[in-house]
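Asker: Here you go, coords_3.txt (compact mmCIF, C-alpha atoms):
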# COMPACT_ATOMS: atom_id res chain seq x y z
CA MET A 1 -200.74 -98.12 223.26
CA ASP A 2 -203.94 -97.60 225.26
CA LYS A 3 -204.67 -100.73 227.29
CA LYS A 4 -207.96 -99.57 228.77
CA ILE A 5 -211.50 -100.42 227.76
CA LYS A 6 -213.25 -97.45 226.13
CA TRP A 7 -217.00 -97.18 225.78
CA GLN A 8 -219.67 -94.94 224.36
CA LYS A 9 -223.37 -95.06 225.09
CA ASN A 10 -225.33 -94.98 221.84
CA ASN A 11 -226.66 -91.44 221.45
CA LEU A 12 -226.54 -91.48 217.66
CA PRO A 13 -229.36 -90.15 215.49
CA LYS A 14 -231.55 -93.11 214.58
CA SER A 15 -232.18 -94.16 211.01
CA LYS A 16 -235.64 -94.23 209.54
CA ILE A 17 -235.09 -97.78 208.40
CA GLU A 18 -237.12 -100.81 207.63
CA ASN A 19 -233.91 -102.75 206.93
CA CYS A 20 -233.90 -104.51 210.26
CA GLU A 21 -237.54 -105.55 210.06
CA GLN A 22 -237.30 -106.55 206.41
CA ILE A 23 -233.88 -107.97 205.59
CA LEU A 24 -233.48 -109.65 208.98
CA SER A 25 -237.09 -110.64 209.47
CA LEU A 26 -237.58 -114.01 211.09
CA LYS A 27 -239.07 -115.21 207.80
CA GLU A 28 -235.87 -114.37 205.91
CA VAL A 29 -233.39 -115.74 208.44
CA LYS A 30 -235.42 -118.96 208.74
CA LYS A 31 -234.86 -119.45 204.99
CA ALA A 32 -231.13 -119.30 205.69
CA LYS A 33 -231.44 -121.80 208.51
CA GLU A 34 -233.34 -124.24 206.27
CA PHE A 35 -230.66 -123.87 203.60
CA HIS A 36 -227.92 -124.68 206.11
CA LYS A 37 -229.87 -127.64 207.46
CA SER A 38 -229.90 -129.18 203.97
CA PHE A 39 -226.09 -129.69 204.07
CA PRO A 40 -225.08 -133.18 205.22
CA GLU A 41 -222.54 -131.59 207.61
CA TYR A 42 -225.13 -129.46 209.44
CA GLU A 43 -225.45 -129.77 213.20
CA VAL A 44 -226.65 -127.22 215.75
CA THR A 45 -223.60 -125.85 217.57
CA PRO A 46 -223.53 -126.03 221.39
CA LEU A 47 -224.88 -123.35 223.69
CA VAL A 48 -222.69 -123.66 226.77
CA LYS A 49 -224.02 -122.52 230.16
CA LEU A 50 -221.18 -121.46 232.47
CA GLU A 51 -223.00 -121.52 235.80
CA ASN A 52 -220.01 -121.23 238.09
CA PHE A 53 -218.49 -118.44 236.03
CA ALA A 54 -221.76 -116.51 236.23
CA GLN A 55 -221.87 -116.96 240.01
CA LYS A 56 -218.23 -115.95 240.33
CA ILE A 57 -218.69 -112.64 238.52
CA GLY A 58 -222.09 -111.82 240.04
CA ILE A 59 -224.66 -112.34 237.28
CA LYS A 60 -227.59 -114.75 237.05
CA SER A 61 -226.57 -116.69 233.90
CA PHE A 62 -223.85 -116.69 231.26
CA TYR A 63 -224.50 -118.49 227.96
CA LEU A 64 -221.92 -118.94 225.21
CA LYS A 65 -222.67 -120.10 221.67
CA ASP A 66 -219.67 -122.22 220.65
CA GLU A 67 -219.13 -121.84 216.90
CA SER A 68 -215.93 -123.90 216.83
CA TYR A 69 -218.17 -126.83 215.84
CA ARG A 70 -219.70 -125.17 212.76
CA PHE A 71 -219.51 -127.49 209.73
CA GLY A 72 -216.14 -128.77 210.98
CA LEU A 73 -214.56 -125.42 210.03
CA ASN A 74 -213.85 -124.10 213.54
CA ALA A 75 -215.70 -120.80 212.94
CA PHE A 76 -219.13 -119.30 212.22
CA LYS A 77 -218.19 -117.41 209.05
CA VAL A 78 -219.25 -120.18 206.66
CA LEU A 79 -222.88 -119.40 207.53
CA GLY A 80 -222.81 -116.08 205.69
CA GLY A 81 -220.62 -117.03 202.75
CA SER A 82 -222.49 -120.24 202.02
CA TYR A 83 -225.93 -118.65 202.16
CA SER A 84 -224.97 -115.73 199.91
CA MET A 85 -223.45 -118.14 197.39
CA GLY A 86 -226.59 -120.26 197.58
CA LYS A 87 -228.78 -117.19 197.00
CA TYR A 88 -226.64 -116.12 194.05
CA ILE A 89 -226.88 -119.56 192.43
CA ALA A 90 -230.60 -119.83 193.13
CA GLN A 91 -231.09 -116.47 191.41
CA LYS A 92 -229.12 -117.73 188.41
CA LEU A 93 -231.35 -120.81 188.30
CA GLY A 94 -234.49 -118.65 188.45
CA LYS A 95 -235.54 -120.09 191.81
CA ASP A 96 -236.19 -118.85 195.33
CA ILE A 97 -233.66 -120.44 197.65
CA SER A 98 -236.47 -121.89 199.75
CA GLU A 99 -237.27 -124.16 196.76
CA LEU A 100 -233.79 -125.69 196.69
CA LYS A 101 -231.81 -128.10 198.85
CA TYR A 102 -228.12 -128.87 198.81
CA GLU A 103 -228.65 -131.76 196.39
CA ASP A 104 -230.27 -129.40 193.87
CA PHE A 105 -227.23 -127.11 193.82
CA ILE A 106 -224.86 -129.93 192.91
CA SER A 107 -227.14 -131.65 190.41
CA LYS A 108 -226.06 -132.23 186.81
CA GLU A 109 -228.91 -130.00 185.60
CA ALA A 110 -227.76 -127.09 187.78
CA LYS A 111 -224.15 -127.46 186.70
CA GLU A 112 -225.09 -127.45 183.02
CA LYS A 113 -227.17 -124.31 183.45
CA LEU A 114 -224.65 -122.46 185.61
CA GLY A 115 -221.38 -123.35 183.98
CA GLU A 116 -218.24 -122.48 185.96
CA ILE A 117 -218.40 -119.71 188.56
CA THR A 118 -215.37 -118.26 190.37
CA PHE A 119 -216.05 -116.65 193.73
CA TYR A 120 -213.58 -114.01 194.98
CA THR A 121 -213.13 -112.76 198.52
CA ALA A 122 -210.75 -111.11 201.01
CA THR A 123 -210.35 -112.52 204.49
CA ASP A 124 -208.22 -112.85 207.61
CA GLY A 125 -208.98 -116.56 207.40
CA ASN A 126 -212.39 -117.72 208.61
CA HIS A 127 -214.59 -116.09 205.96
CA GLY A 128 -212.25 -117.15 203.17
CA ARG A 129 -212.18 -120.72 204.37
CA GLY A 130 -215.99 -120.73 204.46
CA VAL A 131 -216.18 -119.40 200.89
CA ALA A 132 -213.59 -121.92 199.72
CA TRP A 133 -215.37 -124.80 201.48
CA THR A 134 -218.73 -123.84 199.97
CA ALA A 135 -217.33 -123.37 196.46
CA ASN A 136 -215.75 -126.80 196.76
CA ARG A 137 -219.01 -128.38 197.95
CA LEU A 138 -220.95 -126.74 195.13
CA GLY A 139 -218.43 -127.71 192.46
CA GLN A 140 -217.22 -124.15 191.80
CA LYS A 141 -213.94 -122.24 192.11
CA SER A 142 -212.71 -119.66 194.62
CA VAL A 143 -209.92 -117.08 194.85
CA VAL A 144 -209.00 -115.73 198.28
CA TYR A 145 -206.81 -112.75 199.23
CA MET A 146 -205.52 -112.25 202.79
CA PRO A 147 -204.14 -109.05 204.36
CA LYS A 148 -200.49 -108.73 205.35
CA GLY A 149 -199.66 -110.33 208.66
CA SER A 150 -202.21 -113.11 208.12
CA SER A 151 -201.55 -116.53 209.60
CA GLU A 152 -199.77 -119.03 207.34
CA PHE A 153 -201.73 -121.77 209.10
CA ARG A 154 -205.03 -120.13 208.12
CA LEU A 155 -203.74 -119.64 204.56
CA GLN A 156 -202.99 -123.34 204.27
CA ALA A 157 -206.40 -124.24 205.69
CA ILE A 158 -208.01 -122.20 202.89
CA LYS A 159 -205.83 -123.83 200.24
CA ASN A 160 -206.79 -127.22 201.65
CA GLU A 161 -210.41 -126.42 200.74
CA GLY A 162 -209.40 -126.09 197.09
CA ALA A 163 -209.03 -122.31 196.79
CA GLU A 164 -206.41 -120.28 195.01
CA ALA A 165 -205.22 -118.24 198.00
CA SER A 166 -202.41 -115.82 198.88
CA ILE A 167 -201.31 -113.32 201.52
CA THR A 168 -201.03 -109.80 200.08
CA ASP A 169 -198.97 -106.80 201.25
CA MET A 170 -202.19 -104.84 201.93
CA ASN A 171 -204.40 -104.21 204.93
CA TYR A 172 -207.82 -105.85 205.05
CA ASP A 173 -209.80 -103.05 203.42
CA ASP A 174 -207.35 -102.76 200.51
CA ALA A 175 -207.45 -106.55 200.07
CA VAL A 176 -211.24 -106.24 199.74
CA ARG A 177 -210.78 -103.67 196.99
CA LEU A 178 -208.34 -106.00 195.22
CA ALA A 179 -210.80 -108.90 195.38
CA ALA A 180 -213.61 -106.72 194.02
CA LYS A 181 -211.43 -105.42 191.18
CA ASN A 182 -210.24 -108.86 190.10
CA ALA A 183 -213.73 -110.35 190.32
CA LYS A 184 -215.02 -107.61 188.04
CA ASN A 185 -212.16 -107.99 185.57
CA SER A 186 -212.58 -111.76 185.32
CA ASN A 187 -216.38 -111.92 185.30
CA GLY A 188 -216.29 -113.54 188.73
CA VAL A 189 -218.44 -112.91 191.81
CA ILE A 190 -217.25 -111.01 194.89
CA ILE A 191 -218.47 -112.54 198.16
CA GLN A 192 -217.73 -110.00 200.88
CA ASP A 193 -219.46 -109.37 204.18
CA THR A 194 -219.01 -105.63 203.98
CA ALA A 195 -221.24 -103.40 201.88
CA TRP A 196 -220.49 -100.24 199.95
CA GLU A 197 -222.47 -98.11 197.54
CA GLY A 198 -223.47 -100.33 194.64
CA TYR A 199 -222.59 -103.53 196.49
CA GLU A 200 -225.35 -104.29 198.95
CA GLU A 201 -227.28 -107.39 197.85
CA ILE A 202 -224.67 -110.06 198.65
CA PRO A 203 -223.67 -108.50 202.01
CA THR A 204 -227.37 -108.52 202.92
CA TRP A 205 -227.57 -112.23 202.13
CA ILE A 206 -224.44 -112.84 204.21
CA MET A 207 -226.03 -111.12 207.20
CA GLN A 208 -229.14 -113.26 206.76
CA GLY A 209 -226.90 -116.32 206.75
CA TYR A 210 -225.39 -115.29 210.08
CA GLY A 211 -228.94 -115.25 211.43
CA THR A 212 -228.89 -119.06 211.63
CA MET A 213 -226.53 -118.85 214.60
CA THR A 214 -228.75 -116.42 216.50
CA LEU A 215 -231.94 -118.37 215.78
CA GLU A 216 -230.29 -121.51 217.11
CA ALA A 217 -229.17 -119.71 220.26
CA ILE A 218 -232.67 -118.33 220.94
CA GLU A 219 -234.19 -121.79 220.50
CA GLN A 220 -231.57 -123.28 222.83
CA LEU A 221 -232.20 -120.63 225.48
CA LYS A 222 -235.91 -121.40 225.40
CA LYS A 223 -235.20 -125.11 225.84
CA ASP A 224 -233.28 -124.15 228.97
CA GLY A 225 -236.24 -122.17 230.27
CA ILE A 226 -234.93 -118.72 229.30
CA ASN A 227 -237.49 -116.66 227.40
CA LYS A 228 -234.92 -114.02 226.48
CA PRO A 229 -231.49 -112.77 227.58
CA THR A 230 -231.11 -109.38 229.23
CA HIS A 231 -227.80 -108.61 227.48
CA VAL A 232 -226.17 -109.71 224.22
CA PHE A 233 -222.49 -108.95 223.70
CA VAL A 234 -221.37 -109.33 220.07
CA GLN A 235 -218.02 -108.60 218.46
CA ALA A 236 -217.64 -106.53 215.31
CA GLY A 237 -215.18 -106.11 212.47
CA VAL A 238 -217.07 -104.45 209.62
CA GLY A 239 -220.19 -105.04 211.73
CA SER A 240 -222.01 -107.60 209.59
CA LEU A 241 -222.21 -110.21 212.34
CA ALA A 242 -223.15 -107.60 214.93
CA GLY A 243 -225.84 -106.15 212.65
CA ALA A 244 -227.21 -109.62 211.94
CA VAL A 245 -227.37 -110.54 215.62
CA GLN A 246 -228.88 -107.15 216.47
CA GLY A 247 -231.51 -107.53 213.76
CA VAL A 248 -232.62 -111.00 214.85
CA VAL A 249 -232.65 -109.91 218.51
CA VAL A 250 -234.85 -106.89 217.75
CA ASN A 251 -237.19 -108.92 215.56
CA SER A 252 -237.44 -111.58 218.26
CA PHE A 253 -237.65 -109.48 221.44
CA GLY A 254 -238.21 -105.85 220.46
CA LEU A 255 -236.05 -103.39 222.38
CA ASP A 256 -236.14 -105.27 225.70
CA VAL A 257 -232.64 -106.74 225.26
CA LYS A 258 -229.48 -104.62 225.49
CA THR A 259 -227.02 -105.30 222.65
CA ILE A 260 -223.41 -104.28 223.23
CA VAL A 261 -221.07 -104.04 220.20
CA VAL A 262 -217.43 -104.94 220.92
CA GLU A 263 -214.40 -104.10 218.76
CA ALA A 264 -210.61 -104.37 218.81
CA ASN A 265 -209.13 -101.00 219.75
CA LEU A 266 -206.85 -101.00 216.67
CA ALA A 267 -209.85 -101.37 214.35
CA ASP A 268 -212.68 -99.66 216.25
CA CYS A 269 -214.44 -97.82 213.42
CA LEU A 270 -217.91 -98.30 214.95
CA TYR A 271 -216.85 -97.07 218.38
CA LYS A 272 -215.08 -94.04 216.90
CA SER A 273 -218.14 -93.30 214.75
CA SER A 274 -220.32 -93.41 217.88
CA VAL A 275 -217.96 -90.99 219.65
CA ILE A 276 -218.08 -88.52 216.75
CA GLY A 277 -221.82 -88.90 217.04
CA ASP A 278 -223.22 -87.38 213.84
CA GLY A 279 -224.61 -90.68 212.57
CA GLU A 280 -222.06 -91.17 209.79
CA ALA A 281 -219.74 -94.19 209.62
CA TYR A 282 -216.05 -93.27 209.87
CA SER A 283 -213.06 -95.38 208.88
CA VAL A 284 -209.94 -96.43 210.73
CA GLY A 285 -206.76 -96.82 208.66
CA GLY A 286 -203.33 -98.35 209.15
CA ASP A 287 -202.19 -101.93 209.51
CA MET A 288 -204.59 -102.78 212.38
CA GLN A 289 -202.27 -105.49 213.75
CA THR A 290 -204.51 -106.69 216.56
CA ILE A 291 -204.46 -110.34 217.66
CA MET A 292 -208.21 -110.26 216.93
CA ALA A 293 -207.57 -110.84 213.23
CA GLY A 294 -211.24 -111.48 212.50
CA LEU A 295 -212.06 -108.00 213.78
CA ALA A 296 -209.20 -106.16 212.03
CA CYS A 297 -211.46 -104.19 209.68
CA GLY A 298 -211.43 -100.42 209.49
CA GLU A 299 -214.47 -99.65 207.32
CA ALA A 300 -218.04 -100.33 208.40
CA ASN A 301 -220.64 -102.26 206.44
CA ILE A 302 -223.07 -99.45 205.57
CA ILE A 303 -226.11 -101.73 205.91
CA SER A 304 -225.25 -103.04 209.36
CA TRP A 305 -224.18 -99.58 210.55
CA GLU A 306 -227.70 -98.28 210.02
CA ILE A 307 -229.07 -101.14 212.12
CA LEU A 308 -226.44 -100.86 214.86
CA LYS A 309 -226.71 -97.11 215.31
CA THR A 310 -230.50 -97.40 215.55
CA TYR A 311 -230.83 -100.30 217.98
CA SER A 312 -227.56 -101.05 219.82
CA ASP A 313 -227.14 -99.87 223.41
CA THR A 314 -223.37 -99.33 223.73
CA PHE A 315 -220.18 -99.46 221.63
CA ILE A 316 -217.01 -100.74 223.32
CA SER A 317 -213.36 -100.69 222.19
CA CYS A 318 -211.10 -103.38 223.70
CA PRO A 319 -207.32 -103.86 223.85
CA ASP A 320 -205.82 -107.22 222.91
CA TRP A 321 -205.32 -108.37 226.51
CA ILE A 322 -209.11 -108.53 226.98
CA ALA A 323 -209.36 -111.16 224.23
CA ALA A 324 -206.38 -113.06 225.65
CA GLU A 325 -207.96 -113.02 229.11
CA GLY A 326 -211.19 -114.39 227.66
CA MET A 327 -209.29 -117.21 225.94
CA ARG A 328 -207.65 -118.22 229.22
CA ILE A 329 -210.91 -118.03 231.18
CA LEU A 330 -212.73 -120.28 228.71
CA GLY A 331 -209.80 -122.66 228.24
CA ASN A 332 -209.28 -123.06 232.00
CA PRO A 333 -212.81 -123.02 233.43
CA LEU A 334 -213.98 -123.12 237.01
CA LYS A 335 -214.62 -126.63 238.35
CA GLY A 336 -217.94 -127.89 237.01
CA ASP A 337 -218.02 -125.56 234.00
CA GLN A 338 -217.40 -126.84 230.48
CA ARG A 339 -214.14 -126.00 228.75
CA VAL A 340 -214.43 -123.93 225.55
CA ILE A 341 -211.57 -123.54 223.08
CA SER A 342 -212.07 -120.00 221.83
CA GLY A 343 -209.82 -118.02 219.52
CA GLU A 344 -208.79 -114.39 219.77
CA SER A 345 -211.83 -112.92 218.04
CA GLY A 346 -214.16 -115.41 219.72
CA ALA A 347 -213.19 -114.79 223.34
CA VAL A 348 -213.12 -111.00 223.54
CA THR A 349 -216.72 -110.71 224.77
CA THR A 350 -216.12 -113.20 227.60
CA GLY A 351 -212.99 -111.32 228.68
CA LEU A 352 -214.91 -108.06 228.54
CA VAL A 353 -217.86 -109.26 230.65
CA TYR A 354 -215.42 -110.65 233.23
CA GLU A 355 -213.51 -107.38 233.39
CA ILE A 356 -216.62 -105.20 233.68
CA MET A 357 -217.99 -107.33 236.51
CA THR A 358 -214.76 -107.71 238.52
CA ASN A 359 -212.70 -104.56 237.95
CA PRO A 360 -213.83 -101.53 240.03
CA GLN A 361 -212.25 -99.31 237.38
CA TYR A 362 -215.27 -100.08 235.16
CA GLN A 363 -218.00 -99.59 237.75
CA ASP A 364 -219.54 -96.77 235.71
CA LEU A 365 -219.78 -99.02 232.66
CA LYS A 366 -221.25 -101.84 234.75
CA ASN A 367 -223.87 -99.46 236.16
CA ASN A 368 -224.64 -97.98 232.76
CA LEU A 369 -225.24 -101.43 231.28
CA GLU A 370 -227.29 -102.45 234.32
CA LEU A 371 -225.30 -105.65 234.74
CA ASP A 372 -226.15 -107.26 238.07
CA GLU A 373 -227.31 -110.43 239.80
CA ASN A 374 -230.42 -110.54 237.58
CA SER A 375 -228.56 -110.38 234.27
CA ILE A 376 -228.75 -113.18 231.70
CA VAL A 377 -225.84 -112.67 229.29
CA LEU A 378 -225.47 -114.24 225.84
CA VAL A 379 -222.17 -114.15 223.92
CA PHE A 380 -220.91 -115.79 220.74
CA SER A 381 -217.55 -117.55 220.59
CA THR A 382 -217.22 -117.09 216.86
CA GLU A 383 -214.10 -119.21 216.37
CA GLY A 384 -212.01 -121.92 217.94
CA ASP A 385 -208.22 -122.21 217.74
CA THR A 386 -208.05 -121.32 214.05
CA ASP A 387 -204.32 -120.72 214.55
CA PRO A 388 -203.30 -123.40 217.09
CA ASN A 389 -199.77 -122.01 217.55
CA LYS A 390 -201.12 -118.56 218.40
CA TYR A 391 -203.68 -120.13 220.72
CA ARG A 392 -200.99 -121.95 222.69
CA GLU A 393 -198.79 -118.85 222.81
CA ILE A 394 -201.62 -117.01 224.55
CA VAL A 395 -203.21 -119.73 226.69
CA TRP A 396 -200.13 -121.80 227.59
CA LYS A 397 -197.41 -119.15 227.63
CA GLY A 398 -199.40 -116.18 228.92
CA GLY A 399 -199.10 -113.96 225.87
CA TYR A 400 -200.77 -110.53 225.87
CA LEU A 401 -201.15 -109.94 229.60
CA ARG A 402 -202.80 -106.82 230.93
CA ASP A 403 -199.56 -105.12 232.01
Written as structure tokens, how would this file's structure read?

Answerer:
Amino acid sequence: MDKKIKWQKNNLPKSKIENCEQILSLKEVKKAKEFHKSFPEYEVTPLVKLENFAQKIGIKSFYLKDESYRFGLNAFKVLGGSYSMGKYIAQKLGKDISELKYEDFISKEAKEKLGEITFYTATDGNHGRGVAWTANRLGQKSVVYMPKGSSEFRLQAIKNEGAEASITDMNYDDAVRLAAKNAKNSNGVIIQDTAWEGYEEIPTWIMQGYGTMTLEAIEQLKKDGINKPTHVFVQAGVGSLAGAVQGVVVNSFGLDVKTIVVEANLADCLYKSSVIGDGEAYSVGGDMQTIMAGLACGEANIISWEILKTYSDTFISCPDWIAAEGMRILGNPLKGDQRVISGESGAVTTGLVYEIMTNPQYQDLKNNLELDENSIVLVFSTEGDTDPNKYREIVWKGGYLRD
């Protein structure tokens, strides 16, 4: 298996799109943020400044948004699922979501008008738990399918939120198709963060929901005296998170900030599409058994792909050891830096930035990205130790080393 970082500068034909400006406008993502703020559990997640790490690797500043604190669910995914479910219910109630607060969704009047709704989804764990948690909070039902190889610990966490959940014998993309089929056959609602032809509205709402995280990070940077980062590294599975972050970044700063899209090398559909270079999104098949379970998706969200190919600077494909290295760096920080517990999909961007800045083998990539002593880097640790046993295997026992 290839253990090297692979990268491709974005030379793709740009889309003539208004999607970024419209669906991820600051007005729209602020609606999502207000919706999330109405939940009793809402708190702004920390933006951690790793000053000594930045100095060690030769950049000006390194900021990490720690999503392990999100709603007590140890991952960011609930932001998208909850907002899309809120939008769906608001639509059923004949309201704009900006008119409703959490209390309105769980009111007796709303329940009588809505009846019982069952939300279906496929997940490696974090998205499904967010959907299950939201359905539970809103007094509705959820059914969750997980791809083969999924963590039993994550399965149980989803069941603990009240969902009907199971691990299938399928890969992620086939599990998505199963969820969509069963939702249709049972008059349920599919809540999936990937889009396909005929299924675009809910994935759009999910991307808007993810915007809450980026808006918070921008506000936190400004409080620390940073007007804007120079570089944003964001991980991608189907690309919904990456597209959401890219959209908010462009609508906040224009094209002055470089966005780098990072994937697992066993599920690098965006990277491979950028290498082919004709502007189309290509799929990656197989089992995709990367430790970065949250990124083990082989088919791109067609909405986010149009945004990413138009605005992103570089696409990067990473082997598993990069994520493991990032987990160890964050879990064992330099003296004076704050410890961050980051899971496999959360830590890959930290491991990547470290490797680019310290390994002469990637000098060309470092130069191409213009990473230097003036760089202000923002990354998102999208999950904590969502599988504690796997976390300890990697951080305590040294699993998934470079060689």

Asker: With all atoms listed in the file as the basis for distance, which of A:Ala323, A:Cys318, A:Ile291, A:Ile89 is at the shortest distance from A:Ile202?

Answerer: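 Closest to A:Ile202 of all the choices is A:Ile89.
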
Asker: Determine, counting all atoms listed in the file, which protein, DNA and RNA residues have an atom within 10 Å of an atom of stretch 218-220 of chain A; residues of the same chain fewer than 5 positions away are not included. Present the result as a VMD selection string.

Answerer: chain A and resid 44 to 48 63 65 213 225 to 229 248 to 249 252 378

Asker: Quick one: of A:Thr212, A:Ser166, A:Ser151, A:Thr123, who's nearest to A:Lys27, counting all atoms listed in the file?

Answerer: A:Thr212

Asker: Write out, as a tab-separated table, each residue of stretch 143-258 of chain A that has an atom at most 10 Å from stretch 335-353 of chain A, together with the closest pair of atoms and their distance in Å to one decimal, counting all atoms listed in the file, rows going by chain and rising number.

Answerer:
residue	atom	partner	partner_atom	distance
A:Val232	CA	A:Thr349	CA	9.5
A:Phe233	CA	A:Thr349	CA	6.1
A:Val234	CA	A:Thr349	CA	6.8
A:Gln235	CA	A:Thr349	CA	6.8
A:Ala236	CA	A:Ser345	CA	9.1
A:Gly237	CA	A:Ser345	CA	9.4

Asker: I'd like the interatomic distance between atom CA of A:Tyr210 and atom CA of A:Leu241, to a tenth of an Å.

Answerer: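 Separation of atom CA of A:Tyr210 and atom CA of A:Leu241: 6.4 Å.
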
Asker: Nearest to A:Lys49 among A:Leu401, A:Ile303, A:Leu221, A:Met292, with distances taken over only C-alpha atoms: which residue is it?

Answerer: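 The shortest atom-to-atom distance to A:Lys49 comes from A:Leu221.
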
Asker: Any idea what's packed within 8 Å of stretch 33-37 of chain A, counting only C-alpha atoms, ignoring anything in its chain fewer than 2 positions away? Could you give it as a PyMOL selection string?

Answerer: chain A and resi 29-31+39-40+42-43+79+83+97-98+100-102+209+211-212

Asker: Give me the residues within 9 Å of A:Leu155 as a list in words, counting only C-alpha atoms and dropping any in the same chain fewer than 5 places off.

Answerer: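 Surrounding residues, per the criterion: Asp124, Gly125, Gly128, Arg129, Met146, Ser150, Asn160, Ala165, Ser166 and Ile167 of chain A.
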
Asker: So which residues touch stretch 134-139 of chain A within 9 Å, counting all atoms listed in the file, skipping near sequence neighbours fewer than 6 positions away, as a ChimeraX atom specification?

Answerer: /A:78,81-82,85-86,102,105-106,111,116-119,161-163

Asker: Residues of stretch 56-125 of chain A that approach stretch 327-330 of chain A to 12 Å or less, counting all atoms listed in the file: could you list each one with the shortest pair of atoms and its distance in Å to one decimal, rows by chain and increasing residue number, as JSON lines?

Answerer:
{"residue": "A:Lys56", "atom": "CA", "partner": "A:Ile329", "partner_atom": "CA", "distance": 11.9}
{"residue": "A:Ile57", "atom": "CA", "partner": "A:Ile329", "partner_atom": "CA", "distance": 12.0}
{"residue": "A:Phe62", "atom": "CA", "partner": "A:Leu330", "partner_atom": "CA", "distance": 12.0}
{"residue": "A:Tyr63", "atom": "CA", "partner": "A:Leu330", "partner_atom": "CA", "distance": 11.9}
{"residue": "A:Leu64", "atom": "CA", "partner": "A:Leu330", "partner_atom": "CA", "distance": 9.9}
{"residue": "A:Asp66", "atom": "CA", "partner": "A:Leu330", "partner_atom": "CA", "distance": 10.8}

Asker: Calculate how many Å separate atom CA of A:Tyr400 from atom CA of A:Ala324, rounding to one decimal.

Answerer: 6.2 Å

Asker: Can you work out the spacing between atom CA of A:Leu266 and atom CA of A:Gln208 in Å, to one decimal?

Answerer: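 Distance reported for this atom pair: 27.3 Å.
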
Asker: Taking all atoms listed in the file into account, name the residue in A:Asn265, A:Thr121, A:Asn126, A:Ser38 that is nearest to A:Asp385.

Answerer: A:Asn126

Asker: For A:Tyr199, which residue out of A:Met170, A:Ile307, A:Ala110, A:Ala180 is the nearest one, using only C-alpha atoms?

Answerer: A:Ala180

Asker: Ranking A:Ser107, A:Ser142, A:Ser84, A:Thr204 by minimum distance to A:Asn182 and counting only C-alpha atoms, which one comes first?

Answerer: A:Ser142

Asker: I want to know what sits within 8 Å of A:Gly72, based on only C-alpha atoms, with residues of the same chain fewer than 3 positions away left out; could you give that as a PyMOL selection string?

Answerer: chain A and resi 41+68-69

Asker: Please return the centre and edge lengths, in Å to one decimal, of a box with edges along x, y and z that contains all listed atoms of stretch 260-278 of chain A, widened by 4 Å on every side, as lines of an AutoDock Vina configuration file.

Answerer:
center_x = -215.1
center_y = -96.2
center_z = 218.3
size_x = 24.6
size_y = 25.6
size_z = 17.8

Asker: List every protein, DNA or RNA residue that has an atom no more than 8 Å from (-229.0, -104.4, 211.1) in the file's coordinate frame, counting all atoms listed in the file, and report them as a ChimeraX atom specification.

Answerer: /A:19-20,24,240,242-247,303-308

Asker: Missing atoms in stretch 282-290 of chain A: fill them in up to N, CA, C and O atoms and send the result as a PDB file, in the coordinates of the input.

Answerer:
ATOM      1  N   TYR A 282    -217.415 -93.731 210.139  1.00  0.00           N
ATOM      2  CA  TYR A 282    -216.050 -93.270 209.870  1.00  0.00           C
ATOM      3  C   TYR A 282    -215.091 -94.452 209.842  1.00  0.00           C
ATOM      4  O   TYR A 282    -215.310 -95.467 210.507  1.00  0.00           O
ATOM      5  N   SER A 283    -214.013 -94.296 209.079  1.00  0.00           N
ATOM      6  CA  SER A 283    -213.060 -95.380 208.880  1.00  0.00           C
ATOM      7  C   SER A 283    -211.852 -95.244 209.787  1.00  0.00           C
ATOM      8  O   SER A 283    -211.508 -94.151 210.240  1.00  0.00           O
ATOM      9  N   VAL A 284    -211.206 -96.373 210.013  1.00  0.00           N
ATOM     10  CA  VAL A 284    -209.940 -96.430 210.730  1.00  0.00           C
ATOM     11  C   VAL A 284    -208.914 -97.012 209.759  1.00  0.00           C
ATOM     12  O   VAL A 284    -209.155 -98.050 209.150  1.00  0.00           O
ATOM     13  N   GLY A 285    -207.771 -96.349 209.612  1.00  0.00           N
ATOM     14  CA  GLY A 285    -206.760 -96.820 208.660  1.00  0.00           C
ATOM     15  C   GLY A 285    -205.600 -97.515 209.343  1.00  0.00           C
ATOM     16  O   GLY A 285    -205.664 -97.874 210.523  1.00  0.00           O
ATOM     17  N   GLY A 286    -204.519 -97.714 208.602  1.00  0.00           N
ATOM     18  CA  GLY A 286    -203.330 -98.350 209.150  1.00  0.00           C
ATOM     19  C   GLY A 286    -203.351 -99.858 209.029  1.00  0.00           C
ATOM     20  O   GLY A 286    -204.242-100.441 208.416  1.00  0.00           O
ATOM     21  N   ASP A 287    -202.354-100.493 209.640  1.00  0.00           N
ATOM     22  CA  ASP A 287    -202.190-101.930 209.510  1.00  0.00           C
ATOM     23  C   ASP A 287    -203.152-102.737 210.389  1.00  0.00           C
ATOM     24  O   ASP A 287    -203.433-103.890 210.104  1.00  0.00           O
ATOM     25  N   MET A 288    -203.612-102.139 211.484  1.00  0.00           N
ATOM     26  CA  MET A 288    -204.590-102.780 212.380  1.00  0.00           C
ATOM     27  C   MET A 288    -204.102-104.147 212.850  1.00  0.00           C
ATOM     28  O   MET A 288    -204.819-105.146 212.775  1.00  0.00           O
ATOM     29  N   GLN A 289    -202.876-104.217 213.361  1.00  0.00           N
ATOM     30  CA  GLN A 289    -202.270-105.490 213.750  1.00  0.00           C
ATOM     31  C   GLN A 289    -202.683-105.917 215.157  1.00  0.00           C
ATOM     32  O   GLN A 289    -201.871-106.046 216.076  1.00  0.00           O
ATOM     33  N   THR A 290    -203.978-106.144 215.322  1.00  0.00           N
ATOM     34  CA  THR A 290    -204.510-106.690 216.560  1.00  0.00           C
ATOM     35  C   THR A 290    -204.463-108.215 216.501  1.00  0.00           C
ATOM     36  O   THR A 290    -204.490-108.792 215.406  1.00  0.00           O
TER      37      THR A 290
END
